[in-house]
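Enquirer: The structure that follows is given in the form of structure tokens.
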Amino acid sequence: MIEVKNVYKSFKDVHAVRGISFSVRQGEFVALLGPNGAGKTTLVEMMEGLRKPDSGDIFIQGKSWKKSEKELRQIIGLSLQETRFPEKLKVREVLRLFASFFKLGTERVDEVIALVGLENKRQSLTKNLSGGQRQRLALATALLNRPQILFLDEPTTGLDPHSRFDLWNILQELKSKGDTTLLLTTHYMEEAQSLCDHIIIIDEGVIIKGGSLNELLDDQSHNLDELFIRLTGKTLTDNSNQVLK
Amino acid sequence: MKSLKNNQLYRLILCRFAETVREPEVLFWGIIFPVLISIGLGLAFTQNNESKFNILCVGTQGTELDSLLTIYGEKSEKKGKETFIWKVEDATLGNTTYHFIHSDWDNAIISLKRGESDIIVTDSLSKIGYHFDPNNAQAQLAYMKLSALVQSPTRIHSAQPQISPLTLKGVRYIDFFIPGLIAFGLMSSLLWGISYTIIECRSQRLLRRLIASPMRKSNYLIAIMFVRIVMNVAEALILLFFAWLLFDVYIQGSIGAFALLFVAGNVAFTGVAVLLSCRTSKTESGTGLINLVQMPMMLLSGIFFSYHNFPEWSIGAIKLLPLTALADGFRAIFNEGAGWLQVATPTAALFVLGAVCFVAGMRWFKWQ
């Protein structure tokens, strides 16, 4: 479904991604786990076609962004890190706008509003939404076109535990239907652990280890945090405990 | 109908409209403020103005001026100081009131520095001396009026047959001001409405989110420009309506030529706005850039007062500014009855400027 082959990307003197390769199978839920600044966002933005790799290839369903951008935009769904929707638009208006890009009508809009549990907020201005509700709106825009591949860049960063749990439930439900392939970036090990079949641990632009939870843990590392400390000498969740309102 | 409702351009326009009208500031600055400022300035310049001068008299007791004041002046008290008020009526130029205040030299200078008074008058051997800053127009006027009055205190009371007042439409200040205000309103609403919107959208990463969907980039820009231009038409019509209602200002020349020049102005400043916002992703630097373009034109292009007061060498350059071309073109149509031909050059130049800036802006446009 997704194929990443030896991808490099640098910004001025920062080597953000340094030769990453992996593949994702259809219907699989994959987490890119790593601390802030590990290169997760750069990598996922290249997979979303928003940045060009300096070298290496990325194929989605065997197609490249360069040749098939129009087609690929139709089949993926995404939520970026920290998108702020126009403050003076209502939830339903934002979704109707994004639905129009896929030529979808009100029916699908109401469906995704129900799916992410924003029924009571459909007429609220986005500026009046809480952090968790904003993330659910971002997820709703990503789900409108029933994407075959869903990219979520730190979907629960800064959320309180309750909002985080709500979002996980929505994603679990999506997983149970089995139609969607998910690639999410996170620095919360619980998120990777509870949602994803496959976990890829990234630090300083390279993959340190990848596999299912069982494959990753052993006698020396009882959880992902321990594993990460053993591999890199630092913790996963540095600077990541701010809570958005 | 259903396909229109799900059309992305239609939705983008609708959202942009909703965002615009939900901003109370937009309605205030775009519609209420121009009407208020035109009423304010219109009234200030159409009322028969009464001028007032404050004159400080130093050591003039018992002199010729003193005796004139006893005859024509009215004694009163102002801030505990003895004051003579001399009113001179003039049906043509407006009434003038002179306030004569006795003072010593040091206090007189302080009062002048504070702007409380216009000139200082002294008397040396029955010769009146006038002390003021010759570069201060108000002080100069006070001197000219007062010296003429002192020489022949009764003459000014009589009618002045050599002055024939012009009250024709098109020569009043309000006639000068309204077309300029329309041009200025058009420019500032496009620069802020388009540039700032794009820069803000980029800084909030919304632009990135939009292009990550199958939205056509051109539709996004068309929606922003379309909504702003429609708002401009509404704002100009409201201003025109009030100007006509309150001051009887109307378009004396070709309405078609006015409409075309209006479109050309919109094209020109839309182009400039797109160019200004093509790369910046910080709202602070965006604000600076917009001001950098807007402020010089606001001051130089003769919106509030004629640019012919600027030094001769600068006028050629000022005339090349797009806002000058637009305001002068509007004025020619409003006040001189100009038609298509007379405004063909500024109209064409503005279209070209808009197109060039737009193409350059798109060439360098940063969507992410």
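Each chain in the structure tokens gets a letter, A, B and so on, in the order shown; residues start at 1 in every chain, and ligands are counted from 1 in the order they appear.
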Please extract the residues of stretch 35-200 of chain A with a backbone DSSP assignment of helix (DSSP H, G or I) and present them as a VMD selection string.
Expert: chain A and resid 40 to 47 65 to 75 91 to 101 106 to 115 119 to 121 126 to 128 131 to 143 161 to 177 189 to 195
Enquirer: Distance cut-off 6 Å, counting only C-alpha atoms - which residues of chain B neighbour chain A? Return them as a PDB file with N, CA, C and O atoms, in the first residue's frame.
Expert:
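The result, written out as out-v2.pdb:
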```pdb
ATOM      1  N   ASN B   6     -22.632  21.835  -4.040  1.00  0.00           N
ATOM      2  CA  ASN B   6     -21.446  21.058  -3.673  1.00  0.00           C
ATOM      3  C   ASN B   6     -20.221  21.476  -4.475  1.00  0.00           C
ATOM      4  O   ASN B   6     -19.185  20.833  -4.399  1.00  0.00           O
ATOM      5  N   ASN B   7     -20.380  22.578  -5.252  1.00  0.00           N
ATOM      6  CA  ASN B   7     -19.257  23.046  -6.063  1.00  0.00           C
ATOM      7  C   ASN B   7     -18.230  23.732  -5.185  1.00  0.00           C
ATOM      8  O   ASN B   7     -18.576  24.545  -4.320  1.00  0.00           O
ATOM      9  N   GLN B   8     -16.943  23.428  -5.389  1.00  0.00           N
ATOM     10  CA  GLN B   8     -15.938  23.949  -4.453  1.00  0.00           C
ATOM     11  C   GLN B   8     -15.771  25.456  -4.536  1.00  0.00           C
ATOM     12  O   GLN B   8     -15.586  26.117  -3.513  1.00  0.00           O
ATOM     13  N   ARG B  11     -18.632  27.008  -2.648  1.00  0.00           N
ATOM     14  CA  ARG B  11     -18.428  26.829  -1.193  1.00  0.00           C
ATOM     15  C   ARG B  11     -17.332  27.759  -0.663  1.00  0.00           C
ATOM     16  O   ARG B  11     -17.460  28.337   0.410  1.00  0.00           O
ATOM     17  N   GLU B  19     -17.045  34.544   6.598  1.00  0.00           N
ATOM     18  CA  GLU B  19     -15.940  35.033   7.432  1.00  0.00           C
ATOM     19  C   GLU B  19     -15.880  36.553   7.418  1.00  0.00           C
ATOM     20  O   GLU B  19     -15.626  37.180   8.442  1.00  0.00           O
ATOM     21  N   GLN B 204      -1.286  30.114   9.749  1.00  0.00           N
ATOM     22  CA  GLN B 204      -2.013  29.127  10.569  1.00  0.00           C
ATOM     23  C   GLN B 204      -1.986  27.734   9.952  1.00  0.00           C
ATOM     24  O   GLN B 204      -2.705  26.848  10.388  1.00  0.00           O
ATOM     25  N   ARG B 205      -1.209  27.581   8.924  1.00  0.00           N
ATOM     26  CA  ARG B 205      -1.050  26.307   8.204  1.00  0.00           C
ATOM     27  C   ARG B 205      -2.339  25.826   7.558  1.00  0.00           C
ATOM     28  O   ARG B 205      -2.463  24.658   7.185  1.00  0.00           O
ATOM     29  N   LEU B 206      -3.296  26.746   7.423  1.00  0.00           N
ATOM     30  CA  LEU B 206      -4.550  26.363   6.784  1.00  0.00           C
ATOM     31  C   LEU B 206      -4.350  26.223   5.277  1.00  0.00           C
ATOM     32  O   LEU B 206      -4.938  25.352   4.631  1.00  0.00           O
ATOM     33  N   SER B 213      -5.670  18.857   0.092  1.00  0.00           N
ATOM     34  CA  SER B 213      -6.932  18.258  -0.371  1.00  0.00           C
ATOM     35  C   SER B 213      -7.029  18.508  -1.880  1.00  0.00           C
ATOM     36  O   SER B 213      -6.246  19.279  -2.422  1.00  0.00           O
ATOM     37  N   PRO B 214      -7.998  17.916  -2.552  1.00  0.00           N
ATOM     38  CA  PRO B 214      -8.059  18.153  -4.006  1.00  0.00           C
ATOM     39  C   PRO B 214      -8.676  19.514  -4.375  1.00  0.00           C
ATOM     40  O   PRO B 214      -9.381  19.624  -5.362  1.00  0.00           O
ATOM     41  N   MET B 215      -8.408  20.546  -3.581  1.00  0.00           N
ATOM     42  CA  MET B 215      -8.924  21.883  -3.921  1.00  0.00           C
ATOM     43  C   MET B 215      -8.103  22.463  -5.070  1.00  0.00           C
ATOM     44  O   MET B 215      -6.890  22.301  -5.106  1.00  0.00           O
TER      45      MET B 215
END
```
Enquirer: Mind the document's chain letters and residue numbers, and return as a list in words the residues of stretch 111-330 of chain B that DSSP labels strand (DSSP E).
Expert: Ile119, Ile120, Val121, Thr122, Asp123, Ser124, Lys127, Ile128, Gly129, Tyr130 and His131 of chain B
Enquirer: Just want the 8 Å neighbourhood of A:Gly62, counted on only C-alpha atoms, with same-chain residues fewer than 3 positions away dropped. Output as a list in words.
Expert: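 My reading of the contact set: Met1, Ile2, Glu3 and Phe59 of chain A.
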Enquirer: Can you tell me which residues surround B:Ala243 at a distance of at most 12 Å, considering only C-alpha atoms, apart from same-chain residues fewer than 4 positions away, and format the answer as number ranges by chain?
Expert: B: 34-43, 174-179, 181-182, 236-239, 247-251, 334
Enquirer: I want to know what sits within 12 Å of A:Phe11, based on only C-alpha atoms, with residues of the same chain fewer than 3 positions away left out; could you give that as a ChimeraX atom specification?
Expert: /A:8,14-18,39,42,51-54
Enquirer: Residues at most 9 Å from stretch 104-116 of chain B, counting only C-alpha atoms, excluding those fewer than 6 positions away in the same chain, as a list in words?
Expert: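 Contacts, in chain order: Asn54, Leu56, Cys57, Val58, Gly59 and Phe132 of chain B.
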Enquirer: Separation of atom CA of A:Gly205 and atom CA of A:Thr186, in Å?
Expert: 14.6 Å
Enquirer: Residues near A:Glu28, anyone? I mean within 8 Å using only C-alpha atoms, not counting same-chain ones fewer than 2 positions away, as a PDB file with all heavy atoms, in the first residue's frame.
Expert:
```
ATOM      1  N   VAL A  24       4.062  -0.380   4.229  1.00  0.00           N
ATOM      2  CA  VAL A  24       2.850  -0.552   5.014  1.00  0.00           C
ATOM      3  C   VAL A  24       1.861  -1.354   4.176  1.00  0.00           C
ATOM      4  O   VAL A  24       1.651  -1.053   2.998  1.00  0.00           O
ATOM      5  CB  VAL A  24       2.235   0.824   5.367  1.00  0.00           C
ATOM      6  CG1 VAL A  24       0.961   0.666   6.159  1.00  0.00           C
ATOM      7  CG2 VAL A  24       3.237   1.691   6.128  1.00  0.00           C
ATOM      8  N   ARG A  25       1.290  -2.384   4.781  1.00  0.00           N
ATOM      9  CA  ARG A  25       0.317  -3.212   4.049  1.00  0.00           C
ATOM     10  C   ARG A  25      -1.083  -2.638   4.172  1.00  0.00           C
ATOM     11  O   ARG A  25      -1.376  -1.864   5.095  1.00  0.00           O
ATOM     12  CB  ARG A  25       0.325  -4.640   4.613  1.00  0.00           C
ATOM     13  CG  ARG A  25       1.555  -5.448   4.234  1.00  0.00           C
ATOM     14  CD  ARG A  25       1.313  -6.922   4.538  1.00  0.00           C
ATOM     15  NE  ARG A  25       0.937  -7.123   5.933  1.00  0.00           N
ATOM     16  CZ  ARG A  25       1.816  -7.272   6.925  1.00  0.00           C
ATOM     17  NH1 ARG A  25       3.105  -7.231   6.677  1.00  0.00           N
ATOM     18  NH2 ARG A  25       1.394  -7.479   8.159  1.00  0.00           N
ATOM     19  N   GLN A  26      -1.946  -3.022   3.260  1.00  0.00           N
ATOM     20  CA  GLN A  26      -3.320  -2.528   3.280  1.00  0.00           C
ATOM     21  C   GLN A  26      -4.027  -2.893   4.586  1.00  0.00           C
ATOM     22  O   GLN A  26      -3.889  -4.022   5.077  1.00  0.00           O
ATOM     23  CB  GLN A  26      -4.094  -3.120   2.108  1.00  0.00           C
ATOM     24  CG  GLN A  26      -5.491  -2.533   2.026  1.00  0.00           C
ATOM     25  CD  GLN A  26      -6.135  -2.763   0.686  1.00  0.00           C
ATOM     26  OE1 GLN A  26      -5.554  -3.363  -0.212  1.00  0.00           O
ATOM     27  NE2 GLN A  26      -7.345  -2.275   0.543  1.00  0.00           N
ATOM     28  N   VAL A  30      -0.188   1.745  11.450  1.00  0.00           N
ATOM     29  CA  VAL A  30       1.244   1.860  11.731  1.00  0.00           C
ATOM     30  C   VAL A  30       1.530   3.150  12.511  1.00  0.00           C
ATOM     31  O   VAL A  30       0.991   4.204  12.186  1.00  0.00           O
ATOM     32  CB  VAL A  30       2.058   1.870  10.412  1.00  0.00           C
ATOM     33  CG1 VAL A  30       3.534   2.127  10.672  1.00  0.00           C
ATOM     34  CG2 VAL A  30       1.857   0.563   9.669  1.00  0.00           C
ATOM     35  N   THR A 180      -9.514   0.947   6.178  1.00  0.00           N
ATOM     36  CA  THR A 180      -8.548   2.040   6.128  1.00  0.00           C
ATOM     37  C   THR A 180      -7.162   1.604   6.582  1.00  0.00           C
ATOM     38  O   THR A 180      -7.025   0.846   7.539  1.00  0.00           O
ATOM     39  CB  THR A 180      -9.025   3.183   7.071  1.00  0.00           C
ATOM     40  OG1 THR A 180     -10.418   3.360   6.877  1.00  0.00           O
ATOM     41  CG2 THR A 180      -8.303   4.476   6.785  1.00  0.00           C
ATOM     42  N   THR A 181      -6.165   2.139   5.877  1.00  0.00           N
ATOM     43  CA  THR A 181      -4.783   1.969   6.318  1.00  0.00           C
ATOM     44  C   THR A 181      -4.427   3.235   7.079  1.00  0.00           C
ATOM     45  O   THR A 181      -4.727   4.330   6.595  1.00  0.00           O
ATOM     46  CB  THR A 181      -3.854   1.845   5.088  1.00  0.00           C
ATOM     47  OG1 THR A 181      -4.362   0.793   4.277  1.00  0.00           O
ATOM     48  CG2 THR A 181      -2.423   1.578   5.481  1.00  0.00           C
ATOM     49  N   LEU A 182      -3.827   3.112   8.253  1.00  0.00           N
ATOM     50  CA  LEU A 182      -3.531   4.311   9.040  1.00  0.00           C
ATOM     51  C   LEU A 182      -2.040   4.426   9.311  1.00  0.00           C
ATOM     52  O   LEU A 182      -1.381   3.462   9.659  1.00  0.00           O
ATOM     53  CB  LEU A 182      -4.279   4.274  10.384  1.00  0.00           C
ATOM     54  CG  LEU A 182      -3.893   5.375  11.377  1.00  0.00           C
ATOM     55  CD1 LEU A 182      -4.547   6.700  11.011  1.00  0.00           C
ATOM     56  CD2 LEU A 182      -4.279   5.019  12.800  1.00  0.00           C
ATOM     57  N   CYS A 196      -1.934   0.521  17.206  1.00  0.00           N
ATOM     58  CA  CYS A 196      -1.235   0.123  15.980  1.00  0.00           C
ATOM     59  C   CYS A 196      -0.707  -1.311  16.000  1.00  0.00           C
ATOM     60  O   CYS A 196      -0.282  -1.825  17.028  1.00  0.00           O
ATOM     61  CB  CYS A 196      -0.098   1.097  15.712  1.00  0.00           C
ATOM     62  SG  CYS A 196      -0.735   2.755  15.458  1.00  0.00           S
ATOM     63  N   ASP A 197      -0.754  -1.930  14.793  1.00  0.00           N
ATOM     64  CA  ASP A 197      -0.257  -3.298  14.640  1.00  0.00           C
ATOM     65  C   ASP A 197       1.260  -3.286  14.507  1.00  0.00           C
ATOM     66  O   ASP A 197       1.936  -4.245  14.852  1.00  0.00           O
ATOM     67  CB  ASP A 197      -0.804  -3.927  13.351  1.00  0.00           C
ATOM     68  CG  ASP A 197      -2.251  -3.607  13.146  1.00  0.00           C
ATOM     69  OD1 ASP A 197      -3.045  -3.955  14.031  1.00  0.00           O
ATOM     70  OD2 ASP A 197      -2.590  -2.961  12.129  1.00  0.00           O
ATOM     71  N   HIS A 198       1.736  -2.184  13.957  1.00  0.00           N
ATOM     72  CA  HIS A 198       3.155  -2.121  13.637  1.00  0.00           C
ATOM     73  C   HIS A 198       3.697  -0.790  14.165  1.00  0.00           C
ATOM     74  O   HIS A 198       3.084   0.250  13.952  1.00  0.00           O
ATOM     75  CB  HIS A 198       3.313  -2.198  12.112  1.00  0.00           C
ATOM     76  CG  HIS A 198       4.699  -2.474  11.676  1.00  0.00           C
ATOM     77  ND1 HIS A 198       5.180  -3.749  11.465  1.00  0.00           N
ATOM     78  CD2 HIS A 198       5.738  -1.649  11.409  1.00  0.00           C
ATOM     79  CE1 HIS A 198       6.440  -3.684  11.076  1.00  0.00           C
ATOM     80  NE2 HIS A 198       6.800  -2.422  11.042  1.00  0.00           N
TER      81      HIS A 198
END
```
Enquirer: Which residue, B:Glu89, B:Glu64, B:Glu284, B:Glu235, has the smallest gap to B:Ser51 when you use only C-alpha atoms?
Expert: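 Counting only C-alpha atoms, the residue closest to B:Ser51 is B:Glu89.
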